[in-house]
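Encoded as structure tokens, the structure appears first; notes follow it.
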Amino acid sequence: MTRMATLCLAVSLLLSACKVEPAPEDLDGLAHWFWQHLDDEDSAALQEGAVNLYAALDGASFEGPLYGTISTLSIEELGLVGHGDESNAEVYGVILANDMDCSTAGLEYQIYSPDQAEMHPSTYVSYDRVYTTDRDAYEARENDWLEWQSRYVVEGLGANYSATINGGLRYVADLDDHEYGGPVLVARGVLDEPAPFGDSDTRGIFQDYQLEIYFPMDTDRTMHVYAVWREMVYLSSATFGDGNVQDFTLEGLYAWDEDAMDYCGVGP
């Protein structure tokens with residue numbers, strides 16, 4: 001149970017009810033909404049957020065990619081994933097929204113597959129994923145959560161590093177208030193420990209929080225919203241707060257989507 005859910009339960013014992021505020025209608029607010037409610041036992045908040053996200057991006061008429069920045073995660077939001085003792089002063093947020101010509105169900109396996117290096121060769125040199133919850137139970141729809149720990153290697157211009165990510169995927173059932181039903185998929189990744197560039201003590205990725213939302217725009221079309229909040233020093237004069245560094249990252253996120261189209265419909 002998350003801190004937010006625990007607080008809600010405690011208040012409900014005193015007031016006999018805990019009212020959740022309506023989901024916001026703007027892209028920035030919705031990115032935070034999904035982060036705050038991903039661990040809720042009841043998926044109603046995620047379903048409401050998905051419908052609002054669809055509307056915020058102009059529904060079926062949206063054509064991406066859309067690149068942007070979003071406000072940083074609060075200390076309380078970092079606390080939801082066990083990082084509340086860290087500073088958010090140098091954590092900056094970016095967001096990609098992109099339409100993909102593949103159904104949401106057709107993209108699902110790519111999110112949790114262990115074969116990430118094969119599917120996304122432009123991103124990873126190597127990739128190893130170990131599931132920490134029951135994959136069979138998730139695929140059988142007995143559990144709506146699948147979690148893992150991944151260790152991967154990236155080699156780029158002056159930014160060779162190895163990272164360990166604690167990740168997970170939540171399957172959200174069909175939406176009654178959405179024309180194309182569902183499913184909606186929400187994935188989260190959190191950097192386990194700082195990932196230095198090479199042997200540098202001052203350059204690297206020091207905090208990284210990722211959120212992905214997939215929801216149907218049509219029977220064979222998916223909206224992919226990808227938010228990244230990151231503390232990174234690329235060069236002494238270039239951090240993740242620099243617009244050029246943010247644009248480079250967003251281009252990488254879009255390249256992930258381009259690679260993904262080659263595996264539309266691939267399953268376990």
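By order of appearance in the structure tokens: chains A, B, ..., then residues from 1 within every chain, and ligands from 1 in the order shown.
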Contacts between range 116-137 of chain A and range 154-243 of chain A, please, where a residue of range 154-243 of chain A counts if it comes within 12 Å (with only C-alpha atoms); show its shortest atom pair and distance in Å to one decimal, rows by chain and ascending number, as JSON lines.
```
{"residue": "A:Val154", "atom": "CA", "partner": "A:Tyr124", "partner_atom": "CA", "distance": 5.2}
{"residue": "A:Glu155", "atom": "CA", "partner": "A:Val125", "partner_atom": "CA", "distance": 6.8}
{"residue": "A:Gly156", "atom": "CA", "partner": "A:Thr123", "partner_atom": "CA", "distance": 9.2}
{"residue": "A:Asn160", "atom": "CA", "partner": "A:Val125", "partner_atom": "CA", "distance": 10.0}
{"residue": "A:Tyr161", "atom": "CA", "partner": "A:Val125", "partner_atom": "CA", "distance": 10.2}
{"residue": "A:Ser162", "atom": "CA", "partner": "A:Ser126", "partner_atom": "CA", "distance": 9.3}
{"residue": "A:Ala163", "atom": "CA", "partner": "A:Tyr127", "partner_atom": "CA", "distance": 9.7}
{"residue": "A:Thr164", "atom": "CA", "partner": "A:Asp128", "partner_atom": "CA", "distance": 9.5}
{"residue": "A:Ile165", "atom": "CA", "partner": "A:Arg129", "partner_atom": "CA", "distance": 9.3}
{"residue": "A:Asn166", "atom": "CA", "partner": "A:Thr132", "partner_atom": "CA", "distance": 9.5}
{"residue": "A:Gly167", "atom": "CA", "partner": "A:Tyr131", "partner_atom": "CA", "distance": 9.3}
{"residue": "A:Gly168", "atom": "CA", "partner": "A:Tyr131", "partner_atom": "CA", "distance": 9.2}
{"residue": "A:Leu169", "atom": "CA", "partner": "A:Thr133", "partner_atom": "CA", "distance": 10.8}
```
Keeping only C-alpha atoms, write those residues as a compact mmCIF listing (two decimals), in the first residue's frame.
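Done, and the output landed in result24.txt:
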```
# COMPACT_ATOMS: atom_id res chain seq x y z
CA VAL A 154 24.22 1.95 -22.85
CA GLU A 155 27.04 3.35 -24.96
CA GLY A 156 26.70 6.85 -26.33
CA ASN A 160 28.74 5.00 -21.45
CA TYR A 161 27.03 3.60 -18.37
CA SER A 162 25.45 0.61 -16.68
CA ALA A 163 22.14 1.07 -14.88
CA THR A 164 19.89 -0.99 -12.63
CA ILE A 165 16.17 -0.22 -12.85
CA ASN A 166 13.31 -1.46 -10.69
CA GLY A 167 10.35 -1.65 -13.03
CA GLY A 168 6.78 -2.78 -13.28
CA LEU A 169 3.71 -2.90 -15.48
```
Please report, as CSV, each residue of range 33-140 of chain A lying at most 7 Å from range 207-225 of chain A, together with the nearest pair of atoms and the separation in Å rounded to one decimal; use only C-alpha atoms, and order rows by chain and ascending residue number.
```
residue,atom,partner,partner_atom,distance
A:Gly59,CA,A:Met217,CA,6.8
A:Ala60,CA,A:Met217,CA,5.4
A:Leu96,CA,A:Val225,CA,5.7
A:Ala97,CA,A:Val225,CA,4.4
A:Asn98,CA,A:His224,CA,5.2
A:Asp99,CA,A:Met223,CA,4.6
A:Met100,CA,A:Thr222,CA,5.1
A:Asp101,CA,A:Arg221,CA,4.6
A:Cys102,CA,A:Arg221,CA,4.8
A:Ser103,CA,A:Asp220,CA,4.1
A:Thr104,CA,A:Thr222,CA,5.5
```
Restricting the output to N, CA and C atoms, write the selected residues as a short mmCIF file (atom, residue, chain, number, x, y, z; two decimals), in the first residue's frame.
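Okay, this is what ended up in part_5.cif:
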```
data_model
loop_
_atom_site.label_atom_id
_atom_site.label_comp_id
_atom_site.auth_asym_id
_atom_site.auth_seq_id
_atom_site.Cartn_x
_atom_site.Cartn_y
_atom_site.Cartn_z
N GLY A 59 -7.82 13.32 -28.48
CA GLY A 59 -8.42 12.06 -28.86
C GLY A 59 -7.86 11.48 -30.14
N ALA A 60 -8.74 10.93 -30.96
CA ALA A 60 -8.33 10.20 -32.16
C ALA A 60 -7.69 11.11 -33.20
N LEU A 96 6.98 12.81 -23.74
CA LEU A 96 6.71 12.49 -25.14
C LEU A 96 5.29 11.96 -25.24
N ALA A 97 4.54 12.44 -26.20
CA ALA A 97 3.26 11.82 -26.55
C ALA A 97 3.35 11.44 -28.02
N ASN A 98 3.00 10.19 -28.32
CA ASN A 98 3.16 9.70 -29.68
C ASN A 98 2.06 8.70 -30.01
N ASP A 99 1.56 8.75 -31.24
CA ASP A 99 0.57 7.77 -31.68
C ASP A 99 1.29 6.67 -32.44
N MET A 100 0.92 5.43 -32.16
CA MET A 100 1.58 4.27 -32.75
C MET A 100 0.54 3.42 -33.47
N ASP A 101 0.87 2.99 -34.67
CA ASP A 101 -0.06 2.20 -35.48
C ASP A 101 0.01 0.73 -35.08
N CYS A 102 -0.41 0.47 -33.87
CA CYS A 102 -0.46 -0.89 -33.31
C CYS A 102 -1.42 -0.85 -32.14
N SER A 103 -2.16 -1.91 -31.92
CA SER A 103 -3.09 -1.93 -30.79
C SER A 103 -2.33 -1.93 -29.47
N THR A 104 -3.00 -1.50 -28.43
CA THR A 104 -2.39 -1.53 -27.10
C THR A 104 -2.02 -2.95 -26.72
#
```
What parts of range 118-163 of chain A does DSSP call strand (DSSP E)? I'd like the answer as a ChimeraX atom specification. /A:126-131,145-154,161-163
Report as a tab-separated table the residues of range 166-207 of chain A within 12 Å of range 17-39 of chain A, each with its shortest atom pair and distance in Å (one decimal), using only C-alpha atoms, ordered by chain and increasing residue number.
```
residue	atom	partner	partner_atom	distance
A:Gly168	CA	A:Leu38	CA	10.3
A:Leu169	CA	A:Leu38	CA	9.6
A:Arg170	CA	A:Leu38	CA	7.9
A:Tyr171	CA	A:Leu38	CA	10.5
A:Val172	CA	A:Leu38	CA	10.1
A:Val184	CA	A:Phe34	CA	11.9
A:Leu185	CA	A:Leu38	CA	10.6
A:Val186	CA	A:Leu38	CA	7.6
A:Ala187	CA	A:Leu38	CA	8.8
A:Arg188	CA	A:Trp35	CA	8.3
A:Gly189	CA	A:Trp35	CA	10.8
A:Val190	CA	A:Trp35	CA	11.6
```
File dump, residues just selected, C-alpha atoms, as a PDB file, in the first residue's frame:
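Dumped to out23.pdb:
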```pdb
ATOM      1  CA  GLY A 168       6.785  -2.783 -13.276  1.00  0.00           C
ATOM      2  CA  LEU A 169       3.706  -2.900 -15.478  1.00  0.00           C
ATOM      3  CA  ARG A 170       0.072  -2.605 -14.462  1.00  0.00           C
ATOM      4  CA  TYR A 171      -2.781  -3.865 -16.636  1.00  0.00           C
ATOM      5  CA  VAL A 172      -5.884  -1.701 -16.302  1.00  0.00           C
ATOM      6  CA  VAL A 184      -4.741   0.660 -20.608  1.00  0.00           C
ATOM      7  CA  LEU A 185      -1.168  -0.208 -19.635  1.00  0.00           C
ATOM      8  CA  VAL A 186       0.896   1.820 -17.172  1.00  0.00           C
ATOM      9  CA  ALA A 187       4.599   1.108 -16.642  1.00  0.00           C
ATOM     10  CA  ARG A 188       7.048   2.595 -14.149  1.00  0.00           C
ATOM     11  CA  GLY A 189      10.825   2.453 -13.832  1.00  0.00           C
ATOM     12  CA  VAL A 190      13.016   3.782 -11.011  1.00  0.00           C
TER      13      VAL A 190
END
```
